[in-house]
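Containing PDB, C-alpha atoms, pLDDT in the B column: target19.pdb.
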```pdb
ATOM      1  CA  MET A   1      74.436 -21.158  59.918  1.00 53.00           C
ATOM      2  CA  ASP A   2      73.939 -24.796  59.245  1.00 55.00           C
ATOM      3  CA  PHE A   3      77.075 -25.603  57.278  1.00 57.00           C
ATOM      4  CA  GLN A   4      77.724 -29.324  57.206  1.00 56.00           C
ATOM      5  CA  LYS A   5      81.015 -31.152  56.783  1.00 56.00           C
ATOM      6  CA  ILE A   6      81.328 -30.178  53.099  1.00 70.00           C
ATOM      7  CA  ILE A   7      81.781 -26.513  53.954  1.00 86.00           C
ATOM      8  CA  LYS A   8      84.276 -26.036  56.739  1.00 88.00           C
ATOM      9  CA  ARG A   9      83.510 -23.170  59.124  1.00 90.00           C
ATOM     10  CA  VAL A  10      86.759 -21.337  59.977  1.00 93.00           C
ATOM     11  CA  THR A  11      88.037 -18.172  61.643  1.00 94.00           C
ATOM     12  CA  SER A  12      89.445 -15.294  59.636  1.00 94.00           C
ATOM     13  CA  ILE A  13      92.997 -16.266  60.649  1.00 94.00           C
ATOM     14  CA  GLN A  14      92.464 -19.816  59.391  1.00 96.00           C
ATOM     15  CA  ALA A  15      90.860 -18.473  56.205  1.00 95.00           C
ATOM     16  CA  LYS A  16      93.856 -16.254  55.416  1.00 96.00           C
ATOM     17  CA  LYS A  17      96.213 -19.197  55.847  1.00 96.00           C
ATOM     18  CA  MET A  18      94.038 -21.483  53.702  1.00 95.00           C
ATOM     19  CA  ILE A  19      93.779 -18.847  50.943  1.00 95.00           C
ATOM     20  CA  ALA A  20      97.559 -18.486  50.843  1.00 95.00           C
ATOM     21  CA  GLU A  21      98.299 -22.224  50.872  1.00 94.00           C
ATOM     22  CA  SER A  22      95.486 -23.761  48.814  1.00 91.00           C
ATOM     23  CA  LYS A  23      96.532 -25.540  45.616  1.00 89.00           C
ATOM     24  CA  LYS A  24      93.028 -25.321  44.144  1.00 90.00           C
ATOM     25  CA  PRO A  25      90.529 -22.449  43.987  1.00 92.00           C
ATOM     26  CA  ILE A  26      89.007 -21.622  47.348  1.00 95.00           C
ATOM     27  CA  ILE A  27      85.598 -20.032  47.900  1.00 95.00           C
ATOM     28  CA  VAL A  28      85.105 -18.051  51.111  1.00 96.00           C
ATOM     29  CA  GLN A  29      81.419 -17.750  52.024  1.00 95.00           C
ATOM     30  CA  LEU A  30      81.000 -14.705  54.271  1.00 95.00           C
ATOM     31  CA  PHE A  31      77.816 -14.749  56.334  1.00 94.00           C
ATOM     32  CA  SER A  32      76.114 -13.419  59.435  1.00 93.00           C
ATOM     33  CA  ASN A  33      74.017 -15.420  61.877  1.00 90.00           C
ATOM     34  CA  PHE A  34      71.501 -12.568  61.940  1.00 90.00           C
ATOM     35  CA  CYS A  35      71.017 -12.502  58.165  1.00 92.00           C
ATOM     36  CA  SER A  36      67.947 -14.248  56.738  1.00 92.00           C
ATOM     37  CA  ALA A  37      69.399 -14.214  53.211  1.00 93.00           C
ATOM     38  CA  CYS A  38      72.466 -16.017  54.600  1.00 93.00           C
ATOM     39  CA  SER A  39      70.210 -18.689  56.071  1.00 91.00           C
ATOM     40  CA  ASP A  40      68.597 -19.139  52.644  1.00 92.00           C
ATOM     41  CA  ALA A  41      71.971 -19.230  50.874  1.00 92.00           C
ATOM     42  CA  ALA A  42      73.657 -21.786  53.172  1.00 91.00           C
ATOM     43  CA  PRO A  43      71.863 -24.928  51.863  1.00 91.00           C
ATOM     44  CA  LYS A  44      72.314 -23.751  48.268  1.00 92.00           C
ATOM     45  CA  MET A  45      76.048 -23.340  48.832  1.00 92.00           C
ATOM     46  CA  GLN A  46      76.098 -26.808  50.446  1.00 90.00           C
ATOM     47  CA  GLU A  47      74.384 -28.335  47.426  1.00 91.00           C
ATOM     48  CA  ALA A  48      76.733 -26.617  44.979  1.00 90.00           C
ATOM     49  CA  ALA A  49      79.783 -27.691  47.023  1.00 89.00           C
ATOM     50  CA  ARG A  50      78.622 -31.316  46.792  1.00 89.00           C
ATOM     51  CA  THR A  51      78.759 -31.164  42.994  1.00 85.00           C
ATOM     52  CA  THR A  52      82.490 -30.510  42.694  1.00 84.00           C
ATOM     53  CA  ASN A  53      85.741 -31.559  44.295  1.00 85.00           C
ATOM     54  CA  ASP A  54      87.694 -29.020  42.256  1.00 88.00           C
ATOM     55  CA  VAL A  55      87.137 -26.119  44.655  1.00 90.00           C
ATOM     56  CA  GLU A  56      87.426 -25.858  48.402  1.00 92.00           C
ATOM     57  CA  VAL A  57      84.594 -24.022  50.144  1.00 93.00           C
ATOM     58  CA  ILE A  58      84.940 -22.473  53.599  1.00 95.00           C
ATOM     59  CA  ALA A  59      82.616 -20.238  55.628  1.00 95.00           C
ATOM     60  CA  VAL A  60      83.607 -17.258  57.765  1.00 96.00           C
ATOM     61  CA  ASP A  61      81.213 -15.551  60.169  1.00 95.00           C
ATOM     62  CA  GLY A  62      81.500 -11.871  59.271  1.00 93.00           C
ATOM     63  CA  ASP A  63      80.184 -10.818  62.691  1.00 92.00           C
ATOM     64  CA  PHE A  64      83.435 -12.071  64.255  1.00 92.00           C
ATOM     65  CA  ALA A  65      85.782 -11.216  61.390  1.00 93.00           C
ATOM     66  CA  GLY A  66      85.293  -7.486  60.895  1.00 91.00           C
ATOM     67  CA  ASP A  67      88.891  -6.741  59.878  1.00 93.00           C
ATOM     68  CA  PHE A  68      88.874  -9.637  57.405  1.00 94.00           C
ATOM     69  CA  VAL A  69      85.568  -8.487  55.864  1.00 93.00           C
ATOM     70  CA  ASP A  70      86.735  -4.858  55.736  1.00 93.00           C
ATOM     71  CA  GLY A  71      89.982  -5.951  54.076  1.00 94.00           C
ATOM     72  CA  LEU A  72      87.974  -7.687  51.365  1.00 94.00           C
ATOM     73  CA  LYS A  73      85.787  -4.565  50.988  1.00 93.00           C
ATOM     74  CA  VAL A  74      82.601  -6.582  51.309  1.00 91.00           C
ATOM     75  CA  ASP A  75      79.489  -4.479  51.766  1.00 88.00           C
ATOM     76  CA  GLY A  76      76.934  -7.099  52.758  1.00 90.00           C
ATOM     77  CA  PHE A  77      76.125 -10.708  53.460  1.00 94.00           C
ATOM     78  CA  PRO A  78      76.000 -13.298  52.060  1.00 95.00           C
ATOM     79  CA  THR A  79      79.002 -12.821  49.799  1.00 95.00           C
ATOM     80  CA  ALA A  80      81.148 -15.547  48.306  1.00 95.00           C
ATOM     81  CA  VAL A  81      84.688 -14.517  47.398  1.00 95.00           C
ATOM     82  CA  ALA A  82      86.819 -16.775  45.205  1.00 95.00           C
ATOM     83  CA  PHE A  83      90.604 -17.008  45.387  1.00 95.00           C
ATOM     84  CA  LYS A  84      93.078 -18.835  43.179  1.00 92.00           C
ATOM     85  CA  ASN A  85      96.791 -19.025  43.988  1.00 91.00           C
ATOM     86  CA  GLY A  86      96.185 -16.528  46.795  1.00 93.00           C
ATOM     87  CA  GLN A  87      94.685 -13.938  44.441  1.00 93.00           C
ATOM     88  CA  ARG A  88      91.071 -12.772  44.494  1.00 94.00           C
ATOM     89  CA  ILE A  89      89.443 -13.744  41.212  1.00 94.00           C
ATOM     90  CA  ALA A  90      85.664 -13.311  41.591  1.00 93.00           C
ATOM     91  CA  ASP A  91      82.795 -12.341  43.901  1.00 94.00           C
ATOM     92  CA  PHE A  92      79.197 -13.510  44.211  1.00 94.00           C
ATOM     93  CA  GLU A  93      77.136 -11.030  46.200  1.00 94.00           C
ATOM     94  CA  GLY A  94      73.725 -11.838  47.628  1.00 92.00           C
ATOM     95  CA  ALA A  95      71.690 -14.996  47.944  1.00 91.00           C
ATOM     96  CA  PRO A  96      71.111 -16.997  44.766  1.00 92.00           C
ATOM     97  CA  ASP A  97      67.687 -18.279  43.722  1.00 91.00           C
ATOM     98  CA  THR A  98      69.055 -21.797  43.148  1.00 90.00           C
ATOM     99  CA  SER A  99      72.156 -23.828  43.951  1.00 88.00           C
ATOM    100  CA  GLY A 100      72.811 -23.845  40.201  1.00 92.00           C
ATOM    101  CA  GLU A 101      73.856 -20.214  40.372  1.00 94.00           C
ATOM    102  CA  TYR A 102      76.599 -21.125  42.847  1.00 92.00           C
ATOM    103  CA  THR A 103      77.573 -24.068  40.625  1.00 91.00           C
ATOM    104  CA  LYS A 104      78.003 -21.666  37.675  1.00 92.00           C
ATOM    105  CA  PHE A 105      80.074 -19.402  39.934  1.00 92.00           C
ATOM    106  CA  PHE A 106      82.317 -22.359  40.831  1.00 90.00           C
ATOM    107  CA  ALA A 107      82.731 -23.204  37.138  1.00 89.00           C
ATOM    108  CA  LYS A 108      83.685 -19.597  36.392  1.00 88.00           C
ATOM    109  CA  CYS A 109      86.350 -19.772  39.094  1.00 86.00           C
ATOM    110  CA  LEU A 110      87.798 -22.949  37.600  1.00 84.00           C
ATOM    111  CA  LYS A 111      88.298 -21.499  34.119  1.00 79.00           C
ATOM    112  CA  PRO A 112      91.897 -20.573  33.399  1.00 68.00           C
ATOM    113  CA  LYS A 113      92.568 -16.942  32.694  1.00 61.00           C
ATOM    114  CA  PRO A 114      93.115 -16.170  29.018  1.00 59.00           C
ATOM    115  CA  PRO A 115      96.758 -15.614  28.142  1.00 58.00           C
ATOM    116  CA  LYS A 116      97.957 -12.061  28.103  1.00 62.00           C
ATOM    117  CA  LYS A 117      98.107 -10.488  24.679  1.00 66.00           C
ATOM    118  CA  VAL A 118     101.667 -10.079  23.516  1.00 61.00           C
ATOM    119  CA  LYS A 119     102.543  -6.884  21.739  1.00 62.00           C
ATOM    120  CA  PRO A 120     103.950  -7.559  18.293  1.00 59.00           C
ATOM    121  CA  SER A 121     107.634  -6.875  17.996  1.00 57.00           C
ATOM    122  CA  SER A 122     108.982  -4.332  15.534  1.00 56.00           C
ATOM    123  CA  LYS A 123     111.048  -7.025  13.800  1.00 56.00           C
ATOM    124  CA  PRO A 124     109.279  -8.744  10.909  1.00 55.00           C
ATOM    125  CA  HIS A 125     108.889 -12.499  11.118  1.00 56.00           C
ATOM    126  CA  GLY A 126     109.791 -14.412   7.979  1.00 57.00           C
ATOM    127  CA  LYS A 127     109.485 -12.900   4.531  1.00 60.00           C
ATOM    128  CA  PRO A 128     108.608  -9.207   4.516  1.00 58.00           C
ATOM    129  CA  LYS A 129     105.375  -8.210   2.836  1.00 61.00           C
ATOM    130  CA  PRO A 130     105.682  -6.180  -0.369  1.00 61.00           C
ATOM    131  CA  ALA A 131     104.944  -2.513  -0.050  1.00 60.00           C
ATOM    132  CA  THR A 132     101.562  -1.500  -1.328  1.00 62.00           C
ATOM    133  CA  LYS A 133     101.408   1.039  -4.104  1.00 62.00           C
ATOM    134  CA  ARG A 134     100.067   4.364  -3.116  1.00 60.00           C
ATOM    135  CA  LYS A 135      97.536   6.001  -5.289  1.00 61.00           C
ATOM    136  CA  LYS A 136      98.531   9.350  -6.626  1.00 62.00           C
ATOM    137  CA  PRO A 137      96.416  12.114  -5.255  1.00 61.00           C
ATOM    138  CA  VAL A 138      93.936  13.470  -7.729  1.00 60.00           C
ATOM    139  CA  LYS A 139      94.689  17.049  -8.629  1.00 60.00           C
ATOM    140  CA  THR A 140      91.757  19.274  -9.112  1.00 58.00           C
ATOM    141  CA  LYS A 141      91.926  22.438 -11.127  1.00 61.00           C
ATOM    142  CA  VAL A 142      90.314  25.479  -9.792  1.00 59.00           C
ATOM    143  CA  VAL A 143      88.626  27.212 -12.670  1.00 60.00           C
ATOM    144  CA  LYS A 144      88.259  30.896 -12.229  1.00 62.00           C
ATOM    145  CA  LYS A 145      85.310  32.513 -13.835  1.00 62.00           C
ATOM    146  CA  LYS A 146      86.244  35.247 -16.189  1.00 65.00           C
ATOM    147  CA  LYS A 147      84.699  38.540 -15.478  1.00 65.00           C
ATOM    148  CA  PRO A 148      82.791  39.930 -18.359  1.00 65.00           C
ATOM    149  CA  ALA A 149      84.686  42.703 -20.091  1.00 65.00           C
ATOM    150  CA  LYS A 150      83.341  46.164 -19.620  1.00 66.00           C
ATOM    151  CA  LYS A 151      81.761  47.526 -22.696  1.00 64.00           C
ATOM    152  CA  LYS A 152      83.116  50.769 -24.021  1.00 62.00           C
ATOM    153  CA  GLU A 153      80.556  53.170 -25.106  1.00 56.00           C
TER     154      GLU A 153
END
```

In structure tokens, write the structure found in this file.
Amino acid sequence: MDFQKIIKRVTSIQAKKMIAESKKPIIVQLFSNFCSACSDAAPKMQEAARTTNDVEVIAVDGDFAGDFVDGLKVDGFPTAVAFKNGQRIADFEGAPDTSGEYTKFFAKCLKPKPPKKVKPSSKPHGKPKPATKRKKPVKTKVVKKKKPAKKKE
């Protein structure tokens, strides 16, 4: 693949170390030299990588990194896998139509995760709310039909 200086081509061992140590999000572009879609995706990834300094982009040849690819459970090439603080956060499978699709993927990887929802505690905060009045259940009468009296003859 024709990855220029913007995207550093590394081995799987180097990639693992970079993923663990990187202070900013890191995108690992997995490719194969025998993949035509990978050849189409490489310049688009290059263009997207030029647009931001907030992510680090590296490329790993999947033909020589089978254990690494298997560990990531990647089914095909090209696949971009994003990591933040050593944790996998997103995948982009296949070749995009434009470099803009990779740029959107980068932006998605830069967004902070929403804070975890905190379960409310059982203790009330501040002034307790007044109890709501319950409506009394409506009683219904069951009216029995009287049987007609038998006539005496």

- Task: Can you turn the PyMOL selection byres ((chain A and resi 92-102) around 10) into a concrete residue list for this file, as a PyMOL selection string?
- Result: chain A and resi 27+29-30+36-49+51+74-82+90-91+103-108

- Item | Nearest-residue call for Asp61 in chain A, choices A:Phe31, A:Ala15, A:Ser22, A:Cys109, using all atoms listed in the file | A:Phe31

- Query: What is the distance between CA of Pro25 in chain A and CA of Asp70 in chain A, in Å to one decimal?
  - Reply: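 One can read the CA of Pro25 in chain A to CA of Asp70 in chain A distance as 21.5 Å.
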
- Compare A:Lys24, A:Arg9, A:Arg50, A:Lys111 by their minimum atom-to-atom distance to Phe83 in chain A, counting all atoms listed in the file, and give me the closest one.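 Closest candidate: A:Lys24.
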
Reference answer for the PyMOL selection byres ((chain A and resi 16) around 12), as a short mmCIF file (atom, residue, chain, number, x, y, z; two decimals) with C-alpha atoms, in the coordinates of the input:
```cif
data_model
loop_
_atom_site.label_atom_id
_atom_site.label_comp_id
_atom_site.auth_asym_id
_atom_site.auth_seq_id
_atom_site.Cartn_x
_atom_site.Cartn_y
_atom_site.Cartn_z
CA VAL A 10 86.76 -21.34 59.98
CA THR A 11 88.04 -18.17 61.64
CA SER A 12 89.44 -15.29 59.64
CA ILE A 13 93.00 -16.27 60.65
CA GLN A 14 92.46 -19.82 59.39
CA ALA A 15 90.86 -18.47 56.20
CA LYS A 17 96.21 -19.20 55.85
CA MET A 18 94.04 -21.48 53.70
CA ILE A 19 93.78 -18.85 50.94
CA ALA A 20 97.56 -18.49 50.84
CA GLU A 21 98.30 -22.22 50.87
CA SER A 22 95.49 -23.76 48.81
CA ILE A 26 89.01 -21.62 47.35
CA ILE A 27 85.60 -20.03 47.90
CA VAL A 28 85.10 -18.05 51.11
CA ILE A 58 84.94 -22.47 53.60
CA ALA A 59 82.62 -20.24 55.63
CA VAL A 60 83.61 -17.26 57.76
CA ALA A 65 85.78 -11.22 61.39
CA ASP A 67 88.89 -6.74 59.88
CA PHE A 68 88.87 -9.64 57.40
CA VAL A 69 85.57 -8.49 55.86
CA GLY A 71 89.98 -5.95 54.08
CA LEU A 72 87.97 -7.69 51.36
CA PHE A 83 90.60 -17.01 45.39
CA GLY A 86 96.18 -16.53 46.80
CA GLN A 87 94.68 -13.94 44.44
CA ARG A 88 91.07 -12.77 44.49
#
```

- Query: Just how far from CA of Leu110 in chain A is CA of Asn33 in chain A, in Å to one decimal?
  - Reply: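 Answer for the CA of Asn33 in chain A to CA of Leu110 in chain A separation: 28.9 Å.
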
- How many Å separate CA of Phe64 in chain A from CA of Ser32 in chain A? 8.9 Å

Return range 19-31 of chain A, completed with N, CA and C atoms, as a PDB file, in the frame of the given file.
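Written output follows (result_31.pdb):
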```
ATOM      1  N   ILE A  19      93.740 -19.561  52.227  1.00 95.00           N
ATOM      2  CA  ILE A  19      93.779 -18.847  50.943  1.00 95.00           C
ATOM      3  C   ILE A  19      95.202 -18.828  50.400  1.00 95.00           C
ATOM      4  N   ALA A  20      96.156 -18.570  51.261  1.00 95.00           N
ATOM      5  CA  ALA A  20      97.559 -18.486  50.843  1.00 95.00           C
ATOM      6  C   ALA A  20      98.132 -19.834  50.442  1.00 95.00           C
ATOM      7  N   GLU A  21      97.683 -20.916  51.079  1.00 94.00           N
ATOM      8  CA  GLU A  21      98.299 -22.224  50.872  1.00 94.00           C
ATOM      9  C   GLU A  21      97.537 -23.166  49.940  1.00 94.00           C
ATOM     10  N   SER A  22      96.313 -22.843  49.592  1.00 91.00           N
ATOM     11  CA  SER A  22      95.486 -23.761  48.814  1.00 91.00           C
ATOM     12  C   SER A  22      96.024 -23.950  47.397  1.00 91.00           C
ATOM     13  N   LYS A  23      96.067 -25.200  46.965  1.00 89.00           N
ATOM     14  CA  LYS A  23      96.532 -25.540  45.616  1.00 89.00           C
ATOM     15  C   LYS A  23      95.408 -25.427  44.592  1.00 89.00           C
ATOM     16  N   LYS A  24      94.166 -25.454  45.049  1.00 90.00           N
ATOM     17  CA  LYS A  24      93.028 -25.321  44.144  1.00 90.00           C
ATOM     18  C   LYS A  24      92.234 -24.079  44.526  1.00 90.00           C
ATOM     19  N   PRO A  25      91.333 -23.633  43.652  1.00 92.00           N
ATOM     20  CA  PRO A  25      90.529 -22.449  43.987  1.00 92.00           C
ATOM     21  C   PRO A  25      89.788 -22.650  45.307  1.00 92.00           C
ATOM     22  N   ILE A  26      89.685 -21.560  46.053  1.00 95.00           N
ATOM     23  CA  ILE A  26      89.007 -21.622  47.348  1.00 95.00           C
ATOM     24  C   ILE A  26      87.919 -20.550  47.370  1.00 95.00           C
ATOM     25  N   ILE A  27      86.732 -20.941  47.795  1.00 95.00           N
ATOM     26  CA  ILE A  27      85.598 -20.032  47.900  1.00 95.00           C
ATOM     27  C   ILE A  27      85.373 -19.744  49.375  1.00 95.00           C
ATOM     28  N   VAL A  28      85.360 -18.468  49.735  1.00 96.00           N
ATOM     29  CA  VAL A  28      85.105 -18.051  51.111  1.00 96.00           C
ATOM     30  C   VAL A  28      83.683 -17.496  51.159  1.00 96.00           C
ATOM     31  N   GLN A  29      82.801 -18.194  51.851  1.00 95.00           N
ATOM     32  CA  GLN A  29      81.419 -17.750  52.024  1.00 95.00           C
ATOM     33  C   GLN A  29      81.360 -16.913  53.291  1.00 95.00           C
ATOM     34  N   LEU A  30      81.117 -15.608  53.133  1.00 95.00           N
ATOM     35  CA  LEU A  30      81.000 -14.705  54.271  1.00 95.00           C
ATOM     36  C   LEU A  30      79.523 -14.586  54.629  1.00 95.00           C
ATOM     37  N   PHE A  31      79.211 -14.744  55.897  1.00 94.00           N
ATOM     38  CA  PHE A  31      77.816 -14.749  56.334  1.00 94.00           C
ATOM     39  C   PHE A  31      77.683 -14.094  57.691  1.00 94.00           C
TER      40      PHE A  31
END
```
